[in-house]
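This report concerns only the one structure given below.
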Amino acid sequence: MVVKIWKYGIVFLILAIFGVSCLLGNRQDVKYGLAVAQSNYEDIAVNDGTKTCAAHAAEASVPDTFKKVADNEQLELYLEEESVAIAVKDKCSGYVWFSYDVGTDMQEAGYSADMIAYIKSGISIMTYDKFTPGRRTILGDKAEKTFRLRDDGFTVTIDFTKAQIKFDMAVTLRQGDVIVHIPRESIQEYNPKLWKPGNDDISLSEIIVFPFFGSAASKEDGYIVIPDGSGAMVNLNETPKYATGYSAPVYGQDPGYENTVELNPRRIAVKPLERVSLPIYGMIHDADRAGVLVIAENGASYATYNYVSKNLQTNYYQSYFTYNYRTAYAQFQSRVKEDQHILGFQEQPNRFDLVQRYVFLNGKQANYVGVAKGFRDFLVKKDGLAKKADNTHDKIPMKIDFINNEITMGTLGLEDVPATTYKQAQEIVGTLADKGYDRLNVSFKTFVKEDRSYRFKVMKHLGGSPAFQETTEYFASKGIKFSYYVDYARSYYEKTRYTASKLNRKDASVLNENKSLYNYLNNPKYFEVLAEKDLAAFQKYDIGSLALDGFGTSLFTHYDHGTIGYSNEGMAYVEHLLQLLNDNGIQTGLYQPDAYLYKYVSEYYDAPVASSELLFIDATIPLVPLVLSGYTDMYSSYMNFSSNDADAALRLIEFGIYPSFVLTGESTYDIKRTASNDVYTSELEYLEDRIDFYYSTVNRALKEVAGREMIDHTILDAGVVLVEYDNGRKIIMNYNGSDYMYEDVKIKSKGFEIL
């Protein structure tokens, strides 16, 4: 009997080992860690002095407490040593920018000592005092400062001795730019008892860089450019529209620190804020005369953009970045009771060099168009962003995504749901081509059951290899661009062998609000592994272009077998993946790409056409299109459904964005209980009129500027906008319910005219 038990035990052990091997067989043991490219910030200047100067203004005085420490042909840099505040004089315009309002007696204005210290201090930090966050300022904490002057500026060691935290900060001139640099290696938390039991730990949470630089009580012709969604503006009025604040993380929330929101059918869904995909903001004090573009050049994935209106905390409008070095997270003590947790902290601050660049704008560059073009010039010089060759056409393109396969829970488990066979896709495209849509951009979207995500696979029940190849050959014969939709960043419904862990060791999952399901985030170290598995198939089926999704949630801090993975390392992993694909001759179109990926983007999908339209916003502007127009084609989110087609079409025209639709060959009802449950209508017979309307309307306006650069955008009046392109064409749009006269041209209600 004992012998039999041993025999059965050995058999079960072998089966268990075999099962684990099967589970991990396709997973490569990849060690986490990738060298993050060092910033080349010293090698470039955005304002290189090539632009024409504005008319010189009256000289502004700099208080005697500020001493000039550096100057060049374009700028003068002043330092107030007590507060580490700075002043910058733009020689081109004569305008002087201060890191706080030197013309106001703060005590007479009624500010508290703590607030005065915050306003005047060039640098502040947020710390955790054991578990409680608090702000510390140079003046309030009487931080020790050691200065070292240099030819192009100064370096200062700032020591918050009470908190036992110190670091170096360099402020230097680079032609018409000022660069702030805080090296990660200089940051020291030198309390020898830090993190030891019984110690009152004080640890670094955030660094706040010049939070009142360019702040203003009001400016008659001034405004703030906010990187919310497509872009937004807030006027610097004497009385703010709403006294409120706004904060949004650059490149999205870091889910590595956050608890996963529970999927509850009774939960009230709130429309999420638009993403911040540009690491910039602008402060315009006098339109077409004096402005500044601020770029979170390094450390952007840990930066948060902040806007504070006048009359909320102070008498000033503020716009600034904070940089996160450590955030508390819930460390659970029970597997079943999530209310049983303590706050956890990573021992080492996040690993990145902080580089923030101020680009001073004057003359015709001192406006929101100049802010966008300044950032575009930065990307050209830093990343090699390049215009497409021969990108002009006499018709606009249109994007068609086909949902080919989905999955749903069936009687015996997960089952495939065929939504569009290859033959059906060919027939639908043929119908559209016969109607004159000869610049179609088609993608296939296939959910692969084994991968729990959208990956590349030619499926037998969709027609198999012969039908797939026949269809792609048909597309090629018609001059139709074809790409395959792939998501290497996420899985759906459940975790896979590639799923990352949050800092609290739980699975890295996020609630997908639009689809009411969970996405599980892949560890970035596996991106290339997944792509390399597909390269042979891409070559076999002649796939020369991918439509890549998911990278908007791929930047997060996480735990990896005793190592902390940082979000800026995630950026490097994404770039390595895209470079791998490009090196293999595969173009990479991206859905909602962040700015650090623009140099890899062959086409931009799901482009933002709105800000969050919060109550304090004065106008939504095409900040992203102004950066990228002429460099890459931009496509809208799916126009299958819209509550106001007339306004939606005008917005596409205003922003220079081409329409996009998602289609199926089968009934939309078939995908109701799948990951495409947010698609409510997808059959051509119900969408044909809508496609005709959007294409004909947008094409009539944009066909003469397709592929051209938008060089100007002007809000002429409430609901009336004028845009200009580099070929001299102008388009004026009227969103109002009544006709509008511009010079001697009548623009009909909800219409446009080409000038």
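Letters A, B, ... mark the chains of the structure tokens in the order given; residue numbers begin at 1 per chain; ligand numbers begin at 1, in order shown.
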* What's the 8 Å shell around range 630-640 of chain A, counting only C-alpha atoms, without same-chain residues fewer than 3 positions away, as a ChimeraX atom specification? -> /A:385-388,391,398-399,601-609,625,652,656-662,681-682,687,690,707-710
Compile the contact shell of Asp647 in chain A as a compact mmCIF listing (two decimals) with N, CA and C atoms, in the first residue's frame: residues with an atom at most 9 Å away, counting only C-alpha atoms, same-chain residues fewer than 4 positions apart removed.
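selection-v1.txt, freshly written:
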```
# COMPACT_ATOMS: atom_id res chain seq x y z
N ARG A 651 -15.29 70.48 -35.49
CA ARG A 651 -14.13 70.31 -34.63
C ARG A 651 -13.02 69.54 -35.35
N LEU A 652 -13.38 68.52 -36.13
CA LEU A 652 -12.37 67.81 -36.90
C LEU A 652 -11.70 68.74 -37.90
N TYR A 735 -19.32 78.03 -35.19
CA TYR A 735 -20.07 77.06 -34.38
C TYR A 735 -21.42 77.61 -33.91
N LYS A 750 -23.12 76.96 -38.20
CA LYS A 750 -22.61 75.57 -38.20
C LYS A 750 -21.90 75.26 -39.52
```
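Between CA of Leu597 in chain A and CA of Val627 in chain A lies a distance of 13.1 Å.
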* What gap, in Å, lies between CA of Thr137 in chain A and CA of Thr314 in chain A? ->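 So the two atoms, CA of Thr137 in chain A and CA of Thr314 in chain A, lie 16.4 Å apart.
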* To do: Apply DSSP to the backbone of this structure and, from range 368-492 of chain A, keep only the residues in helix (DSSP H, G or I); write these as a ChimeraX atom specification.
  => /A:368-383,422-434,449-451,460-462,464-477
* Asked: Suppose you want the space between CA of Glu406 in chain A and CA of Ala433 in chain A; what is it in Å?
  ->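 Those two atoms sit 26.4 Å apart.
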* To do: For each of A:Ala113, A:Ile226, A:Leu149, A:Val36, take the minimum atom-to-atom distance to Glu613 in chain A, counting only C-alpha atoms, then give the residue where this is smallest.
  => A:Ile226
* **Among listed residues A:Thr714, A:Ser203, A:Asn47, A:Asn324, nearest Tyr368 in chain A (using only C-alpha atoms)** =>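 Using only C-alpha atoms, the shortest distance to Tyr368 in chain A belongs to A:Thr714.
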* Asked: Leu580 in chain A: which residues within 10 Å, counting only C-alpha atoms, same-chain residues fewer than 4 positions away excluded, as a PyMOL selection string?
  -> chain A and resi 528+531-532+535+574-576+584-586
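Distance check against Tyr316 in chain A using only C-alpha atoms: of A:Ala109, A:Ala508, A:Ile208, A:Leu517, the minimum falls on A:Ala109.
For the residues A:Ser218, A:Thr161, A:Thr327, A:Ser309, ranking by smallest atom-to-atom distance to Tyr257 in chain A using only C-alpha atoms places A:Thr327 first.
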* So which residues touch range 236-239 of chain A within 10 Å, counting only C-alpha atoms, skipping near sequence neighbours fewer than 4 positions away, as JSON, numbers by chain? -> {"A": [215, 216, 217, 218, 219, 220, 221, 222, 223, 224, 243, 283, 284, 285, 309, 310, 311, 315, 316, 317]}
